[in-house]
file my_file_23.pdb (PDB, C-alpha atoms and all ligand atoms)
ATOM      1  CA  MET B   1       0.000   0.000   0.000  1.00  0.00           C
ATOM      2  CA  GLY B   2       3.067   2.186  -0.070  1.00  0.00           C
ATOM      3  CA  ASN B   3       2.034   3.768  -3.338  1.00  0.00           C
ATOM      4  CA  VAL B   4      -1.540   4.629  -2.432  1.00  0.00           C
ATOM      5  CA  ILE B   5      -2.041   8.313  -3.247  1.00  0.00           C
ATOM      6  CA  ASN B   6      -3.377  10.374  -0.363  1.00  0.00           C
ATOM      7  CA  PHE B   7      -5.314  13.151  -2.121  1.00  0.00           C
ATOM      8  CA  ALA B   8      -6.215  16.142   0.035  1.00  0.00           C
ATOM      9  CA  HIS B   9      -9.664  17.115  -1.255  1.00  0.00           C
ATOM     10  CA  ARG B  10      -9.678  20.870  -1.991  1.00  0.00           C
ATOM     11  CA  GLY B  11      -6.572  20.793   0.222  1.00  0.00           C
ATOM     12  CA  SER B  12      -6.966  19.961   3.897  1.00  0.00           C
ATOM     13  CA  SER B  13     -10.467  21.339   3.715  1.00  0.00           C
ATOM     14  CA  LYS B  14     -11.835  20.479   7.142  1.00  0.00           C
ATOM     15  CA  ILE B  15      -9.332  22.618   8.993  1.00  0.00           C
ATOM     16  CA  CYS B  16      -8.592  25.269   6.368  1.00  0.00           C
ATOM     17  CA  PRO B  17     -10.781  27.120   3.862  1.00  0.00           C
ATOM     18  CA  GLU B  18     -11.168  24.865   0.832  1.00  0.00           C
ATOM     19  CA  ASN B  19      -9.171  25.506  -2.343  1.00  0.00           C
ATOM     20  CA  THR B  20      -6.864  28.082  -0.753  1.00  0.00           C
ATOM     21  CA  MET B  21      -3.089  28.053  -0.569  1.00  0.00           C
ATOM     22  CA  ALA B  22      -3.435  27.574   3.202  1.00  0.00           C
ATOM     23  CA  ALA B  23      -5.422  24.385   2.621  1.00  0.00           C
ATOM     24  CA  PHE B  24      -2.978  23.044   0.042  1.00  0.00           C
ATOM     25  CA  LYS B  25       0.048  23.725   2.257  1.00  0.00           C
ATOM     26  CA  LYS B  26      -1.645  22.198   5.300  1.00  0.00           C
ATOM     27  CA  GLY B  27      -2.519  19.077   3.316  1.00  0.00           C
ATOM     28  CA  LEU B  28       1.108  18.606   2.331  1.00  0.00           C
ATOM     29  CA  GLU B  29       2.221  19.146   5.929  1.00  0.00           C
ATOM     30  CA  GLN B  30      -0.223  16.458   7.023  1.00  0.00           C
ATOM     31  CA  GLY B  31       1.204  13.874   4.672  1.00  0.00           C
ATOM     32  CA  ALA B  32      -0.907  14.246   1.544  1.00  0.00           C
ATOM     33  CA  THR B  33       0.886  12.940  -1.533  1.00  0.00           C
ATOM     34  CA  GLY B  34      -1.775  14.340  -3.826  1.00  0.00           C
ATOM     35  CA  ILE B  35      -3.892  17.485  -3.999  1.00  0.00           C
ATOM     36  CA  GLU B  36      -7.376  17.580  -5.491  1.00  0.00           C
ATOM     37  CA  THR B  37      -8.690  20.943  -6.694  1.00  0.00           C
ATOM     38  CA  ASP B  38     -11.411  22.470  -8.855  1.00  0.00           C
ATOM     39  CA  VAL B  39     -10.692  24.819 -11.761  1.00  0.00           C
ATOM     40  CA  GLN B  40     -12.903  27.363 -13.497  1.00  0.00           C
ATOM     41  CA  LEU B  41     -12.279  30.393 -15.728  1.00  0.00           C
ATOM     42  CA  SER B  42     -12.602  34.016 -14.725  1.00  0.00           C
ATOM     43  CA  LYS B  43     -14.296  36.507 -17.061  1.00  0.00           C
ATOM     44  CA  ASP B  44     -10.896  37.278 -18.560  1.00  0.00           C
ATOM     45  CA  GLY B  45     -10.042  33.634 -19.045  1.00  0.00           C
ATOM     46  CA  ARG B  46      -7.732  32.936 -16.077  1.00  0.00           C
ATOM     47  CA  MET B  47      -7.712  29.531 -14.358  1.00  0.00           C
ATOM     48  CA  VAL B  48      -9.004  30.001 -10.812  1.00  0.00           C
ATOM     49  CA  LEU B  49      -9.375  27.366  -8.112  1.00  0.00           C
ATOM     50  CA  ILE B  50     -12.848  27.357  -6.598  1.00  0.00           C
ATOM     51  CA  HIS B  51     -15.459  24.646  -6.251  1.00  0.00           C
ATOM     52  CA  ASP B  52     -18.813  26.381  -6.651  1.00  0.00           C
ATOM     53  CA  GLU B  53     -19.769  28.155  -9.854  1.00  0.00           C
ATOM     54  CA  THR B  54     -20.866  31.036  -7.629  1.00  0.00           C
ATOM     55  CA  LEU B  55     -18.853  32.992  -5.096  1.00  0.00           C
ATOM     56  CA  ASP B  56     -21.355  33.274  -2.280  1.00  0.00           C
ATOM     57  CA  ARG B  57     -20.673  30.205  -0.130  1.00  0.00           C
ATOM     58  CA  THR B  58     -16.916  30.450   0.263  1.00  0.00           C
ATOM     59  CA  THR B  59     -15.946  34.074  -0.429  1.00  0.00           C
ATOM     60  CA  SER B  60     -16.892  37.654   0.336  1.00  0.00           C
ATOM     61  CA  GLY B  61     -18.238  38.003  -3.213  1.00  0.00           C
ATOM     62  CA  THR B  62     -21.568  37.234  -4.842  1.00  0.00           C
ATOM     63  CA  GLY B  63     -22.635  35.981  -8.239  1.00  0.00           C
ATOM     64  CA  TRP B  64     -21.005  33.796 -10.839  1.00  0.00           C
ATOM     65  CA  VAL B  65     -17.261  33.190 -10.981  1.00  0.00           C
ATOM     66  CA  LYS B  66     -17.414  33.531 -14.784  1.00  0.00           C
ATOM     67  CA  ASP B  67     -18.740  37.091 -14.504  1.00  0.00           C
ATOM     68  CA  HIS B  68     -15.707  38.414 -12.593  1.00  0.00           C
ATOM     69  CA  THR B  69     -12.241  39.306 -13.813  1.00  0.00           C
ATOM     70  CA  LEU B  70      -9.178  37.889 -12.102  1.00  0.00           C
ATOM     71  CA  GLU B  71      -8.507  41.270 -10.533  1.00  0.00           C
ATOM     72  CA  GLU B  72     -12.000  41.330  -9.036  1.00  0.00           C
ATOM     73  CA  LEU B  73     -11.689  37.750  -7.795  1.00  0.00           C
ATOM     74  CA  LYS B  74      -8.291  38.432  -6.237  1.00  0.00           C
ATOM     75  CA  HIS B  75      -9.801  41.210  -4.143  1.00  0.00           C
ATOM     76  CA  LEU B  76     -12.237  38.804  -2.506  1.00  0.00           C
ATOM     77  CA  ASP B  77     -11.671  37.168   0.854  1.00  0.00           C
ATOM     78  CA  ALA B  78     -11.774  33.380   0.499  1.00  0.00           C
ATOM     79  CA  GLY B  79     -10.879  32.661   4.121  1.00  0.00           C
ATOM     80  CA  SER B  80     -13.096  34.537   6.568  1.00  0.00           C
ATOM     81  CA  LYS B  81     -16.312  32.657   5.922  1.00  0.00           C
ATOM     82  CA  PHE B  82     -14.546  29.490   7.032  1.00  0.00           C
ATOM     83  CA  ASP B  83     -12.868  31.142  10.021  1.00  0.00           C
ATOM     84  CA  PRO B  84     -11.843  34.768  10.581  1.00  0.00           C
ATOM     85  CA  VAL B  85      -8.277  33.639  11.321  1.00  0.00           C
ATOM     86  CA  PHE B  86      -7.980  32.931   7.595  1.00  0.00           C
ATOM     87  CA  GLN B  87      -8.944  36.460   6.609  1.00  0.00           C
ATOM     88  CA  GLY B  88      -7.042  37.515   3.495  1.00  0.00           C
ATOM     89  CA  GLU B  89      -6.805  34.098   1.862  1.00  0.00           C
ATOM     90  CA  GLN B  90      -7.412  34.550  -1.836  1.00  0.00           C
ATOM     91  CA  ILE B  91      -8.878  32.462  -4.612  1.00  0.00           C
ATOM     92  CA  PRO B  92      -5.678  30.956  -6.069  1.00  0.00           C
ATOM     93  CA  LEU B  93      -4.717  30.601  -9.687  1.00  0.00           C
ATOM     94  CA  LEU B  94      -3.863  27.103 -10.884  1.00  0.00           C
ATOM     95  CA  ASP B  95      -0.392  28.522 -11.557  1.00  0.00           C
ATOM     96  CA  GLU B  96       0.088  29.093  -7.822  1.00  0.00           C
ATOM     97  CA  LEU B  97      -0.651  25.478  -6.961  1.00  0.00           C
ATOM     98  CA  LEU B  98       1.689  24.177  -9.662  1.00  0.00           C
ATOM     99  CA  GLU B  99       4.382  26.599  -8.488  1.00  0.00           C
ATOM    100  CA  LEU B 100       3.986  25.313  -4.915  1.00  0.00           C
ATOM    101  CA  THR B 101       4.297  21.672  -5.922  1.00  0.00           C
ATOM    102  CA  LYS B 102       6.593  21.752  -8.949  1.00  0.00           C
ATOM    103  CA  GLU B 103       9.677  20.562  -7.067  1.00  0.00           C
ATOM    104  CA  SER B 104       7.859  17.834  -5.120  1.00  0.00           C
ATOM    105  CA  GLY B 105       6.490  14.478  -6.165  1.00  0.00           C
ATOM    106  CA  THR B 106       2.940  15.563  -5.378  1.00  0.00           C
ATOM    107  CA  ILE B 107       0.216  14.313  -7.718  1.00  0.00           C
ATOM    108  CA  ILE B 108      -2.183  17.073  -8.723  1.00  0.00           C
ATOM    109  CA  ASN B 109      -5.775  16.103  -9.494  1.00  0.00           C
ATOM    110  CA  ILE B 110      -7.309  18.978 -11.428  1.00  0.00           C
ATOM    111  CA  GLU B 111     -11.077  18.700 -11.654  1.00  0.00           C
ATOM    112  CA  LEU B 112     -12.494  20.652 -14.589  1.00  0.00           C
ATOM    113  CA  LYS B 113     -15.693  22.287 -13.346  1.00  0.00           C
ATOM    114  CA  ASN B 114     -17.334  22.391 -16.732  1.00  0.00           C
ATOM    115  CA  GLY B 115     -20.702  20.773 -16.188  1.00  0.00           C
ATOM    116  CA  THR B 116     -23.127  23.576 -15.396  1.00  0.00           C
ATOM    117  CA  VAL B 117     -21.041  26.358 -16.913  1.00  0.00           C
ATOM    118  CA  MET B 118     -19.272  25.472 -20.161  1.00  0.00           C
ATOM    119  CA  TYR B 119     -15.882  27.175 -20.164  1.00  0.00           C
ATOM    120  CA  GLU B 120     -14.678  27.386 -23.730  1.00  0.00           C
ATOM    121  CA  GLY B 121     -10.958  26.703 -23.964  1.00  0.00           C
ATOM    122  CA  LEU B 122     -10.595  25.394 -20.412  1.00  0.00           C
ATOM    123  CA  GLU B 123      -9.093  22.085 -21.509  1.00  0.00           C
ATOM    124  CA  GLU B 124      -6.507  23.774 -23.756  1.00  0.00           C
ATOM    125  CA  LYS B 125      -5.498  26.266 -21.077  1.00  0.00           C
ATOM    126  CA  VAL B 126      -5.061  23.635 -18.357  1.00  0.00           C
ATOM    127  CA  ILE B 127      -3.011  21.391 -20.632  1.00  0.00           C
ATOM    128  CA  GLU B 128      -0.831  24.270 -21.821  1.00  0.00           C
ATOM    129  CA  LEU B 129      -0.035  25.275 -18.237  1.00  0.00           C
ATOM    130  CA  VAL B 130       0.653  21.718 -17.068  1.00  0.00           C
ATOM    131  CA  ARG B 131       3.036  21.246 -19.990  1.00  0.00           C
ATOM    132  CA  ALA B 132       4.724  24.582 -19.301  1.00  0.00           C
ATOM    133  CA  TYR B 133       5.441  23.343 -15.766  1.00  0.00           C
ATOM    134  CA  HIS B 134       6.638  19.973 -17.112  1.00  0.00           C
ATOM    135  CA  MET B 135       4.144  18.308 -14.808  1.00  0.00           C
ATOM    136  CA  SER B 136       2.277  16.091 -17.274  1.00  0.00           C
ATOM    137  CA  GLU B 137       3.361  12.927 -15.457  1.00  0.00           C
ATOM    138  CA  ARG B 138       2.128  14.234 -12.113  1.00  0.00           C
ATOM    139  CA  VAL B 139      -1.300  15.512 -13.157  1.00  0.00           C
ATOM    140  CA  ILE B 140      -4.624  13.720 -13.382  1.00  0.00           C
ATOM    141  CA  ILE B 141      -7.415  15.674 -15.045  1.00  0.00           C
ATOM    142  CA  SER B 142     -10.868  14.643 -13.828  1.00  0.00           C
ATOM    143  CA  SER B 143     -14.399  15.785 -14.583  1.00  0.00           C
ATOM    144  CA  PHE B 144     -18.026  14.743 -14.401  1.00  0.00           C
ATOM    145  CA  ASN B 145     -18.100  15.970 -18.010  1.00  0.00           C
ATOM    146  CA  HIS B 146     -16.832  12.915 -19.843  1.00  0.00           C
ATOM    147  CA  TYR B 147     -16.895  14.607 -23.255  1.00  0.00           C
ATOM    148  CA  SER B 148     -14.363  17.006 -21.819  1.00  0.00           C
ATOM    149  CA  LEU B 149     -12.170  14.142 -20.568  1.00  0.00           C
ATOM    150  CA  SER B 150     -12.245  12.488 -23.960  1.00  0.00           C
ATOM    151  CA  TYR B 151     -11.243  15.807 -25.533  1.00  0.00           C
ATOM    152  CA  CYS B 152      -8.372  16.230 -23.053  1.00  0.00           C
ATOM    153  CA  LYS B 153      -7.041  12.804 -23.984  1.00  0.00           C
ATOM    154  CA  LYS B 154      -7.076  13.736 -27.653  1.00  0.00           C
ATOM    155  CA  LEU B 155      -5.222  16.974 -26.916  1.00  0.00           C
ATOM    156  CA  ALA B 156      -2.761  15.466 -24.453  1.00  0.00           C
ATOM    157  CA  PRO B 157      -2.465  11.666 -24.524  1.00  0.00           C
ATOM    158  CA  GLU B 158       0.397  11.889 -22.018  1.00  0.00           C
ATOM    159  CA  ILE B 159      -1.755  13.375 -19.235  1.00  0.00           C
ATOM    160  CA  ARG B 160      -3.849  10.950 -17.176  1.00  0.00           C
ATOM    161  CA  THR B 161      -7.599  11.400 -16.978  1.00  0.00           C
ATOM    162  CA  GLY B 162      -9.993  10.269 -14.240  1.00  0.00           C
ATOM    163  CA  ILE B 163     -13.702   9.658 -14.782  1.00  0.00           C
ATOM    164  CA  LEU B 164     -15.801  11.204 -12.018  1.00  0.00           C
ATOM    165  CA  TYR B 165     -19.097   9.448 -11.345  1.00  0.00           C
ATOM    166  CA  MET B 166     -21.524   8.887  -8.516  1.00  0.00           C
ATOM    167  CA  GLU B 167     -22.961   5.388  -8.931  1.00  0.00           C
ATOM    168  CA  GLY B 168     -24.763   3.133 -11.342  1.00  0.00           C
ATOM    169  CA  LEU B 169     -22.086   3.087 -14.037  1.00  0.00           C
ATOM    170  CA  TYR B 170     -22.056  -0.424 -15.493  1.00  0.00           C
ATOM    171  CA  GLU B 171     -18.564  -1.936 -15.680  1.00  0.00           C
ATOM    172  CA  PRO B 172     -16.805   1.410 -15.381  1.00  0.00           C
ATOM    173  CA  TRP B 173     -13.426  -0.141 -16.260  1.00  0.00           C
ATOM    174  CA  GLU B 174     -14.870  -1.038 -19.688  1.00  0.00           C
ATOM    175  CA  TYR B 175     -16.314   2.442 -20.060  1.00  0.00           C
ATOM    176  CA  ALA B 176     -12.910   3.878 -19.173  1.00  0.00           C
ATOM    177  CA  LYS B 177     -11.433   2.067 -22.169  1.00  0.00           C
ATOM    178  CA  THR B 178     -13.858   3.827 -24.514  1.00  0.00           C
ATOM    179  CA  LEU B 179     -12.664   7.201 -23.212  1.00  0.00           C
ATOM    180  CA  GLN B 180      -9.034   6.075 -23.002  1.00  0.00           C
ATOM    181  CA  ALA B 181      -9.235   7.230 -19.399  1.00  0.00           C
ATOM    182  CA  ASP B 182      -6.676   6.105 -16.858  1.00  0.00           C
ATOM    183  CA  ALA B 183      -8.571   6.206 -13.586  1.00  0.00           C
ATOM    184  CA  LEU B 184     -11.997   5.877 -12.026  1.00  0.00           C
ATOM    185  CA  HIS B 185     -12.825   8.667  -9.601  1.00  0.00           C
ATOM    186  CA  ALA B 186     -15.889   7.029  -8.113  1.00  0.00           C
ATOM    187  CA  TYR B 187     -18.178   7.945  -5.267  1.00  0.00           C
ATOM    188  CA  HIS B 188     -16.697   5.711  -2.586  1.00  0.00           C
ATOM    189  CA  ARG B 189     -19.819   3.659  -1.859  1.00  0.00           C
ATOM    190  CA  ALA B 190     -19.897   2.613  -5.516  1.00  0.00           C
ATOM    191  CA  VAL B 191     -16.541   0.838  -5.115  1.00  0.00           C
ATOM    192  CA  LEU B 192     -16.573  -2.897  -4.391  1.00  0.00           C
ATOM    193  CA  PRO B 193     -13.474  -5.099  -4.077  1.00  0.00           C
ATOM    194  CA  GLU B 194     -14.366  -7.113  -7.182  1.00  0.00           C
ATOM    195  CA  PHE B 195     -14.640  -3.872  -9.162  1.00  0.00           C
ATOM    196  CA  VAL B 196     -11.163  -2.815  -8.064  1.00  0.00           C
ATOM    197  CA  ALA B 197      -9.740  -6.165  -9.129  1.00  0.00           C
ATOM    198  CA  LYS B 198     -11.414  -5.935 -12.541  1.00  0.00           C
ATOM    199  CA  ALA B 199     -10.208  -2.378 -13.024  1.00  0.00           C
ATOM    200  CA  LYS B 200      -6.665  -3.400 -12.131  1.00  0.00           C
ATOM    201  CA  SER B 201      -6.676  -6.187 -14.668  1.00  0.00           C
ATOM    202  CA  SER B 202      -7.826  -3.628 -17.242  1.00  0.00           C
ATOM    203  CA  GLY B 203      -5.024  -1.264 -16.248  1.00  0.00           C
ATOM    204  CA  LYS B 204      -7.370   1.294 -14.696  1.00  0.00           C
ATOM    205  CA  ALA B 205      -6.763   2.880 -11.289  1.00  0.00           C
ATOM    206  CA  TYR B 206      -9.433   3.527  -8.657  1.00  0.00           C
ATOM    207  CA  HIS B 207      -9.385   6.812  -6.716  1.00  0.00           C
ATOM    208  CA  PRO B 208     -12.632   6.941  -4.693  1.00  0.00           C
ATOM    209  CA  PHE B 209     -14.025  10.196  -3.256  1.00  0.00           C
ATOM    210  CA  THR B 210     -14.690  11.695  -0.693  1.00  0.00           C
ATOM    211  CA  VAL B 211     -13.698   9.342   2.096  1.00  0.00           C
ATOM    212  CA  ASN B 212     -13.520  10.807   5.586  1.00  0.00           C
ATOM    213  CA  ASP B 213     -14.322   7.828   7.783  1.00  0.00           C
ATOM    214  CA  CYS B 214     -11.345   5.678   8.832  1.00  0.00           C
ATOM    215  CA  GLU B 215     -13.275   2.388   8.603  1.00  0.00           C
ATOM    216  CA  GLU B 216     -14.284   3.205   5.056  1.00  0.00           C
ATOM    217  CA  MET B 217     -10.706   4.161   4.213  1.00  0.00           C
ATOM    218  CA  GLU B 218      -9.587   0.801   5.588  1.00  0.00           C
ATOM    219  CA  ARG B 219     -12.211  -1.072   3.551  1.00  0.00           C
ATOM    220  CA  LEU B 220     -11.044   0.634   0.372  1.00  0.00           C
ATOM    221  CA  LEU B 221      -7.375   0.045   1.141  1.00  0.00           C
ATOM    222  CA  GLN B 222      -8.103  -3.643   1.648  1.00  0.00           C
ATOM    223  CA  ALA B 223      -9.946  -3.636  -1.665  1.00  0.00           C
ATOM    224  CA  GLY B 224      -6.726  -2.434  -3.281  1.00  0.00           C
ATOM    225  CA  VAL B 225      -7.570   1.076  -4.440  1.00  0.00           C
ATOM    226  CA  ASP B 226      -4.735   3.155  -5.854  1.00  0.00           C
ATOM    227  CA  GLY B 227      -5.621   6.386  -4.081  1.00  0.00           C
ATOM    228  CA  ILE B 228      -8.227   7.968  -1.836  1.00  0.00           C
ATOM    229  CA  ILE B 229      -9.599  11.499  -2.023  1.00  0.00           C
ATOM    230  CA  THR B 230     -10.249  12.801   1.484  1.00  0.00           C
ATOM    231  CA  ASP B 231     -10.907  15.985   3.430  1.00  0.00           C
ATOM    232  CA  TYR B 232      -8.721  14.464   6.169  1.00  0.00           C
ATOM    233  CA  PRO B 233      -5.310  13.618   4.687  1.00  0.00           C
ATOM    234  CA  ASP B 234      -3.958  13.299   8.251  1.00  0.00           C
ATOM    235  CA  ARG B 235      -6.280  10.366   8.968  1.00  0.00           C
ATOM    236  CA  LEU B 236      -5.310   8.565   5.791  1.00  0.00           C
ATOM    237  CA  ALA B 237      -1.614   9.291   6.345  1.00  0.00           C
ATOM    238  CA  ALA B 238      -1.850   7.718   9.803  1.00  0.00           C
ATOM    239  CA  LEU B 239      -3.580   4.600   8.423  1.00  0.00           C
ATOM    240  CA  LEU B 240      -0.996   4.226   5.678  1.00  0.00           C
ATOM    241  CA  ALA B 241       1.891   4.727   8.097  1.00  0.00           C
ATOM    242  CA  ALA B 242       0.569   1.886  10.266  1.00  0.00           C
ATOM    243  CA  LYS B 243       0.681  -0.615   7.365  1.00  0.00           C
TER     244      LYS B 243
HETATM  245  O1  LIG T 301     -12.782  14.691  -7.022  1.00  0.00           O
HETATM  246  C1  LIG T 301     -13.785  14.231  -6.209  1.00  0.00           C
HETATM  247  C2  LIG T 301     -14.746  15.291  -5.793  1.00  0.00           C
HETATM  248  O2  LIG T 301     -14.075  16.495  -5.632  1.00  0.00           O
HETATM  249  C3  LIG T 301     -15.873  15.478  -6.739  1.00  0.00           C
HETATM  250  O3  LIG T 301     -16.915  16.216  -6.179  1.00  0.00           O
HETATM  251  O4  LIG T 301     -18.231  18.207  -5.706  1.00  0.00           O
HETATM  252  O5  LIG T 301     -16.279  17.686  -4.277  1.00  0.00           O
HETATM  253  O6  LIG T 301     -15.950  18.488  -6.592  1.00  0.00           O
HETATM  254  P1  LIG T 301     -16.825  17.707  -5.664  1.00  0.00           P
HETATM  255 CA    CA T 302     -13.649  18.430  -6.847  1.00  0.00          CA
END
call {"tool": "encode", "arguments": {"input": "my_file_23.pdb", "output": "structure tokens"}}
result
Amino acid sequence: MGNVINFAHRGSSKICPENTMAAFKKGLEQGATGIETDVQLSKDGRMVLIHDETLDRTTSGTGWVKDHTLEELKHLDAGSKFDPVFQGEQIPLLDELLELTKESGTIINIELKNGTVMYEGLEEKVIELVRAYHMSERVIISSFNHYSLSYCKKLAPEIRTGILYMEGLYEPWEYAKTLQADALHAYHRAVLPEFVAKAKSSGKAYHPFTVNDCEEMERLLQAGVDGIITDYPDRLAALLAAK
């Protein structure tokens, strides 16, 4: 189990404001070997890391992310709503996360948030930046938009893709072949040991999300998953260290 990737979901998002540099740094401190994040485009086409399509839940702003320029987004407070001690945390650019991790072995799982809002050119921009950082081997692009994943693979066969899905996908390892995807980013309850074995024999990795309970982490580790996406990278790091 030494190679199981410990993905900090939106960074260490239970003790820091999600998708901020504070959360990413804390995740790494806690033993995460991967970072999961969500990317969208600002009005002026910059790649910003934020989960919701709107600003209201996590920042001092309101309205759609896509309707604000980078300069406007950078003036927002992305920390205080979580806890006033994080006042001044900003919405990061994808560039900032890649800069932070470029010298490490950290795996970066970039989720393209292009389901509700269709961001034209998002795939090209993400791939261009990843290549510029020479991080193709350490990035997994995931999305619930499987057309987008298929397009990414055509643009950049060297970058891994992960199919996000909730449940009910029949033989997802077979489906992954049709998309030339590399990994299954499945809702964790949809992952059974026999599925993991079948995926492995098809050369597909399983990275279930979002697993916060230690017993469930243990069940998935025993099933042989290749990584786990969690809000609590410290819990998973402790389980892995005890193996
Ligand atoms: O990557 C797994 C997970 O992040 C997908 O759901 O809504 O947390 O982005 P969500
Ligand atoms: Ca996500």
call {"tool": "closest_residue", "arguments": {"input": "my_file_23.pdb", "among": "B:Val196, B:Ala132, B:Ile107, B:Leu41", "to": "Ile229 in chain B", "atoms": "only C-alpha atoms"}}
result
B:Ile107
call {"tool": "residues_near_ligand", "arguments": {"input": "my_file_23.pdb", "ligand": "ligand LIG 301 (chain T)", "cutoff": "7 Å", "atoms": "all atoms listed in the file", "output": "list of chain:residue names"}}
result
B:His9, B:Glu36, B:Asp38, B:His51, B:Glu111, B:Leu164, B:His185, B:Phe209, B:Thr210, B:Ile229
call {"tool": "write_last_selection", "arguments": {"input": "my_file_23.pdb", "atoms": "C-alpha atoms", "output": "PDB file, in the coordinates of the input"}}
result
ATOM      1  CA  HIS B   9      -9.664  17.115  -1.255  1.00  0.00           C
ATOM      2  CA  GLU B  36      -7.376  17.580  -5.491  1.00  0.00           C
ATOM      3  CA  ASP B  38     -11.411  22.470  -8.855  1.00  0.00           C
ATOM      4  CA  HIS B  51     -15.459  24.646  -6.251  1.00  0.00           C
ATOM      5  CA  GLU B 111     -11.077  18.700 -11.654  1.00  0.00           C
ATOM      6  CA  LEU B 164     -15.801  11.204 -12.018  1.00  0.00           C
ATOM      7  CA  HIS B 185     -12.825   8.667  -9.601  1.00  0.00           C
ATOM      8  CA  PHE B 209     -14.025  10.196  -3.256  1.00  0.00           C
ATOM      9  CA  THR B 210     -14.690  11.695  -0.693  1.00  0.00           C
ATOM     10  CA  ILE B 229      -9.599  11.499  -2.023  1.00  0.00           C
TER      11      ILE B 229
END
call {"tool": "resolve_selection", "arguments": {"input": "my_file_23.pdb", "expression": "the PyMOL selection byres (((chain B and resi 102) around 12) and not hetatm)", "output": "list in words"}}
result
Leu94, Asp95, Glu96, Leu97, Leu98, Glu99, Leu100, Thr101, Glu103, Ser104, Gly105, Thr106, Ile107, Ile108, Leu129, Val130, Arg131, Ala132, Tyr133, His134, Met135, Ser136, Glu137, Arg138 and Val139 of chain B
call {"tool": "resolve_selection", "arguments": {"input": "my_file_23.pdb", "expression": "the PyMOL selection byres (((chain B and resi 204) around 10) and not hetatm)", "output": "ChimeraX atom specification"}}
result
/B:162,172-174,176-177,180-184,196-203,205-207,226
call {"tool": "residues_near_ligand", "arguments": {"input": "my_file_23.pdb", "ligand": "ligand CA 302 (chain T)", "cutoff": "12 Å", "atoms": "only C-alpha atoms and all ligand atoms", "output": "NGL selection string"}}
result
:B and (7-11 or 13 or 18-19 or 35-40 or 49-53 or 108-115 or 141-144 or 162-165 or 185-187 or 208-210 or 229-231)
call {"tool": "closest_residue", "arguments": {"input": "my_file_23.pdb", "among": "B:Glu216, B:Ile228, B:Glu123, B:Tyr170", "to": "Lys153 in chain B", "atoms": "all atoms listed in the file"}}
result
B:Glu123
